[in-house]
Structure formats: structure tokens, C-alpha cells
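See below for entry11.cif, which holds mmCIF, C-alpha atoms, pLDDT in the B column; chains and numbers go by the auth columns.
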```cif
data_run
#
loop_
_atom_site.group_PDB
_atom_site.id
_atom_site.type_symbol
_atom_site.label_atom_id
_atom_site.label_comp_id
_atom_site.label_asym_id
_atom_site.label_seq_id
_atom_site.Cartn_x
_atom_site.Cartn_y
_atom_site.Cartn_z
_atom_site.B_iso_or_equiv
_atom_site.auth_seq_id
_atom_site.auth_asym_id
ATOM 1 C CA LEU A 1 5.767 27.621 28.369 93.00 1 A
ATOM 2 C CA ASN A 2 2.688 28.392 30.414 95.00 2 A
ATOM 3 C CA THR A 3 4.325 27.787 33.785 95.00 3 A
ATOM 4 C CA PRO A 4 6.663 30.315 35.355 95.00 4 A
ATOM 5 C CA PHE A 5 10.018 28.875 36.389 94.00 5 A
ATOM 6 C CA THR A 6 13.453 29.954 37.486 94.00 6 A
ATOM 7 C CA LEU A 7 16.852 28.690 36.462 95.00 7 A
ATOM 8 C CA GLU A 8 17.091 27.065 39.889 96.00 8 A
ATOM 9 C CA ASP A 9 13.770 25.234 39.333 96.00 9 A
ATOM 10 C CA LEU A 10 15.004 23.901 36.010 95.00 10 A
ATOM 11 C CA ALA A 11 18.401 22.916 37.409 96.00 11 A
ATOM 12 C CA GLU A 12 16.742 21.023 40.236 96.00 12 A
ATOM 13 C CA GLU A 13 14.423 19.268 37.776 95.00 13 A
ATOM 14 C CA VAL A 14 17.361 17.963 35.745 94.00 14 A
ATOM 15 C CA SER A 15 19.651 17.430 38.749 95.00 15 A
ATOM 16 C CA MET A 16 22.350 19.898 37.686 95.00 16 A
ATOM 17 C CA ASN A 17 24.094 22.866 39.190 97.00 17 A
ATOM 18 C CA SER A 18 22.318 26.005 37.897 96.00 18 A
ATOM 19 C CA SER A 19 25.549 27.688 36.739 96.00 19 A
ATOM 20 C CA TYR A 20 26.647 24.585 34.864 96.00 20 A
ATOM 21 C CA LEU A 21 23.196 24.150 33.293 97.00 21 A
ATOM 22 C CA SER A 22 23.142 27.774 32.159 97.00 22 A
ATOM 23 C CA ARG A 23 26.632 27.554 30.677 96.00 23 A
ATOM 24 C CA ARG A 24 25.962 24.249 28.879 96.00 24 A
ATOM 25 C CA PHE A 25 22.618 25.424 27.544 96.00 25 A
ATOM 26 C CA SER A 26 24.209 28.564 26.108 97.00 26 A
ATOM 27 C CA GLN A 27 26.991 26.501 24.514 97.00 27 A
ATOM 28 C CA GLU A 28 24.568 24.048 22.926 96.00 28 A
ATOM 29 C CA VAL A 29 21.761 26.406 21.875 96.00 29 A
ATOM 30 C CA GLY A 30 23.665 29.625 21.327 97.00 30 A
ATOM 31 C CA MET A 31 21.579 31.719 23.710 97.00 31 A
ATOM 32 C CA GLY A 32 20.595 31.795 27.334 96.00 32 A
ATOM 33 C CA ILE A 33 17.668 29.892 28.794 96.00 33 A
ATOM 34 C CA GLN A 34 15.702 33.092 29.458 95.00 34 A
ATOM 35 C CA LYS A 35 16.042 34.320 25.859 97.00 35 A
ATOM 36 C CA TYR A 36 15.240 30.876 24.469 97.00 36 A
ATOM 37 C CA THR A 37 12.138 30.636 26.646 97.00 37 A
ATOM 38 C CA GLN A 38 11.009 34.110 25.592 97.00 38 A
ATOM 39 C CA ILE A 39 11.349 33.197 21.900 98.00 39 A
ATOM 40 C CA GLN A 40 9.399 29.980 22.405 98.00 40 A
ATOM 41 C CA ARG A 41 6.673 31.914 24.231 98.00 41 A
ATOM 42 C CA LEU A 42 6.551 34.508 21.434 98.00 42 A
ATOM 43 C CA GLU A 43 6.150 31.721 18.870 98.00 43 A
ATOM 44 C CA ALA A 44 3.364 30.200 20.991 98.00 44 A
ATOM 45 C CA ALA A 45 1.722 33.643 21.249 98.00 45 A
ATOM 46 C CA ALA A 46 1.809 33.974 17.456 98.00 46 A
ATOM 47 C CA ASN A 47 0.184 30.554 17.131 97.00 47 A
ATOM 48 C CA LEU A 48 -2.523 31.452 19.648 98.00 48 A
ATOM 49 C CA LEU A 49 -3.155 34.784 17.935 98.00 49 A
ATOM 50 C CA THR A 50 -3.648 32.955 14.654 97.00 50 A
ATOM 51 C CA TYR A 51 -5.698 29.977 15.786 95.00 51 A
ATOM 52 C CA SER A 52 -7.612 31.119 18.863 96.00 52 A
ATOM 53 C CA GLU A 53 -10.037 33.853 19.755 94.00 53 A
ATOM 54 C CA GLU A 54 -8.444 34.439 23.171 97.00 54 A
ATOM 55 C CA SER A 55 -7.765 38.057 24.016 97.00 55 A
ATOM 56 C CA ILE A 56 -4.225 39.344 23.905 97.00 56 A
ATOM 57 C CA ALA A 57 -4.398 39.876 27.672 97.00 57 A
ATOM 58 C CA GLU A 58 -5.374 36.217 28.185 98.00 58 A
ATOM 59 C CA ILE A 59 -2.575 35.030 25.901 98.00 59 A
ATOM 60 C CA ALA A 60 -0.080 37.207 27.778 98.00 60 A
ATOM 61 C CA SER A 61 -1.211 35.826 31.111 97.00 61 A
ATOM 62 C CA TYR A 62 -1.295 32.218 29.895 98.00 62 A
ATOM 63 C CA LEU A 63 2.261 32.429 28.539 98.00 63 A
ATOM 64 C CA CYS A 64 3.638 34.070 31.697 97.00 64 A
ATOM 65 C CA PHE A 65 4.294 37.551 30.314 97.00 65 A
ATOM 66 C CA SER A 66 4.148 40.120 33.100 96.00 66 A
ATOM 67 C CA SER A 67 1.499 42.169 31.286 97.00 67 A
ATOM 68 C CA GLN A 68 -0.270 42.625 27.978 97.00 68 A
ATOM 69 C CA SER A 69 1.831 45.702 27.280 97.00 69 A
ATOM 70 C CA TYR A 70 5.069 43.796 27.879 98.00 70 A
ATOM 71 C CA LEU A 71 3.928 41.060 25.498 98.00 71 A
ATOM 72 C CA GLY A 72 3.138 43.781 22.956 98.00 72 A
ATOM 73 C CA LYS A 73 6.579 45.334 23.338 98.00 73 A
ATOM 74 C CA VAL A 74 8.610 42.134 22.956 98.00 74 A
ATOM 75 C CA PHE A 75 6.240 40.726 20.317 98.00 75 A
ATOM 76 C CA ARG A 76 6.759 43.804 18.161 98.00 76 A
ATOM 77 C CA GLU A 77 10.536 43.609 18.617 98.00 77 A
ATOM 78 C CA TYR A 78 10.535 39.950 17.554 97.00 78 A
ATOM 79 C CA HIS A 79 7.812 39.847 14.863 97.00 79 A
ATOM 80 C CA GLY A 80 7.940 43.456 13.655 98.00 80 A
ATOM 81 C CA VAL A 81 4.223 44.063 14.236 98.00 81 A
ATOM 82 C CA THR A 82 1.941 44.339 17.241 98.00 82 A
ATOM 83 C CA PRO A 83 -0.050 41.305 18.381 98.00 83 A
ATOM 84 C CA SER A 84 -3.248 42.876 17.000 97.00 84 A
ATOM 85 C CA GLN A 85 -1.649 43.520 13.624 97.00 85 A
ATOM 86 C CA TYR A 86 -0.245 39.981 13.578 98.00 86 A
ATOM 87 C CA ARG A 87 -3.693 38.541 14.312 97.00 87 A
ATOM 88 C CA LYS A 88 -5.277 40.546 11.484 96.00 88 A
ATOM 89 C CA GLN A 89 -2.530 39.605 9.004 96.00 89 A
ATOM 90 C CA ASN A 90 -2.583 35.896 9.875 95.00 90 A
ATOM 91 C CA LYS A 91 -6.257 35.199 10.319 89.00 91 A
ATOM 92 C CA PRO A 92 -7.067 31.794 8.792 85.00 92 A
ATOM 93 C CA ILE A 93 -9.369 31.773 5.792 82.00 93 A
ATOM 94 C CA ASP A 94 -12.877 30.590 6.631 79.00 94 A
ATOM 95 C CA PHE A 95 -13.895 28.012 4.027 81.00 95 A
ATOM 96 C CA SER A 96 -17.283 27.216 5.584 76.00 96 A
ATOM 97 C CA PRO A 97 -20.302 27.818 3.331 76.00 97 A
#
```
Is it possible to express this structure as C-alpha cells?
Amino acid sequence: LNTPFTLEDLAEEVSMNSSYLSRRFSQEVGMGIQKYTQIQRLEAAANLLTYSEESIAEIASYLCFSSQSYLGKVFREYHGVTPSQYRKQNKPIDFSP
């Protein structure tokens, strides 16, 4: 999730034709590889927002989003809140004395 890749890279890695891989993936998973990858990256971003102190810009860069603003846009579409709002709403409780 933190390495950019293309369909061709993935197809080469698994020794398949890229068109066939794309078609089979969509049949099995119900969505394209790009959409699936984006959802997985958004879930990872949510996890990092909850359990790390990394900036939103660092999280965006680490998870291969083109910019912090793009992460914000797609994050809000998927989670219904901005990354900052998500972080505030999901901050773990500090039980230390």
C-alpha cells in the first residue's frame, strides 16, 4: 500500500497478462484493482490517523496519494468526514496515570 505500482507491474509480478488479471480481479472481488487499492489505502490512512501522530501530509505521501488535498477529498467521500475530523473522533483514550 505504500509503494506506487501500475497494473502492468502487478501483472508482471504474478506472471499474467494485464488485461486478464484486471478482468479476473474484477470478477472475483467485484471492483477494479485501482478502486480496491484506494479503499485499502483509505483504511490504512484511517488506522494511521487513529494510532499515529504523523501529519496528514506524511500519511498521504506514505500511502501514495498524490497530495494531502487529494487524500482529504477521497477520505471524506469514503468516510464521510475529513481526515482531521476522523482523527479527533477516533483518538484513543489515554489510560496512563
In terms of the shortest atom-to-atom distance over only C-alpha atoms, which of A:Met31, A:Ile56, A:Leu7, A:Leu63 is closest to A:Glu43? A:Leu63
Residue nearest A:Phe65 - candidates A:Leu49, A:Val29, A:Val14, A:Leu42, atoms counted: all atoms listed in the file: A:Leu42
Spatial neighbours of A:Ala44, 12 Å, only C-alpha atoms, chain gap at least 5 places, as a ChimeraX atom specification: /A:1-2,37-39,49-52,59-60,62-65,71,75,83
Just C-alpha atoms for this one: save the residues we selected as a tab-separated table (two decimals), in the frame of the given file.
```tsv
chain	number	residue	atom	x	y	z
A	1	LEU	CA	5.77	27.62	28.37
A	2	ASN	CA	2.69	28.39	30.41
A	37	THR	CA	12.14	30.64	26.65
A	38	GLN	CA	11.01	34.11	25.59
A	39	ILE	CA	11.35	33.20	21.90
A	49	LEU	CA	-3.16	34.78	17.93
A	50	THR	CA	-3.65	32.96	14.65
A	51	TYR	CA	-5.70	29.98	15.79
A	52	SER	CA	-7.61	31.12	18.86
A	59	ILE	CA	-2.58	35.03	25.90
A	60	ALA	CA	-0.08	37.21	27.78
A	62	TYR	CA	-1.30	32.22	29.90
A	63	LEU	CA	2.26	32.43	28.54
A	64	CYS	CA	3.64	34.07	31.70
A	65	PHE	CA	4.29	37.55	30.31
A	71	LEU	CA	3.93	41.06	25.50
A	75	PHE	CA	6.24	40.73	20.32
A	83	PRO	CA	-0.05	41.30	18.38
```
Would you please work out which residue, of A:Arg87, A:Lys73, A:Arg41, A:Arg24, is nearest to A:Glu53 when using all atoms listed in the file?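 Answer, going by the shortest atom-to-atom distance: A:Arg87.
Note that atom CA of A:Lys91 and atom CA of A:Glu77 are 20.5 Å apart.
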Would you work out the distance separating atom CA of A:Phe95 from atom CA of A:Ala46, expressed in Å to one decimal? 21.5 Å
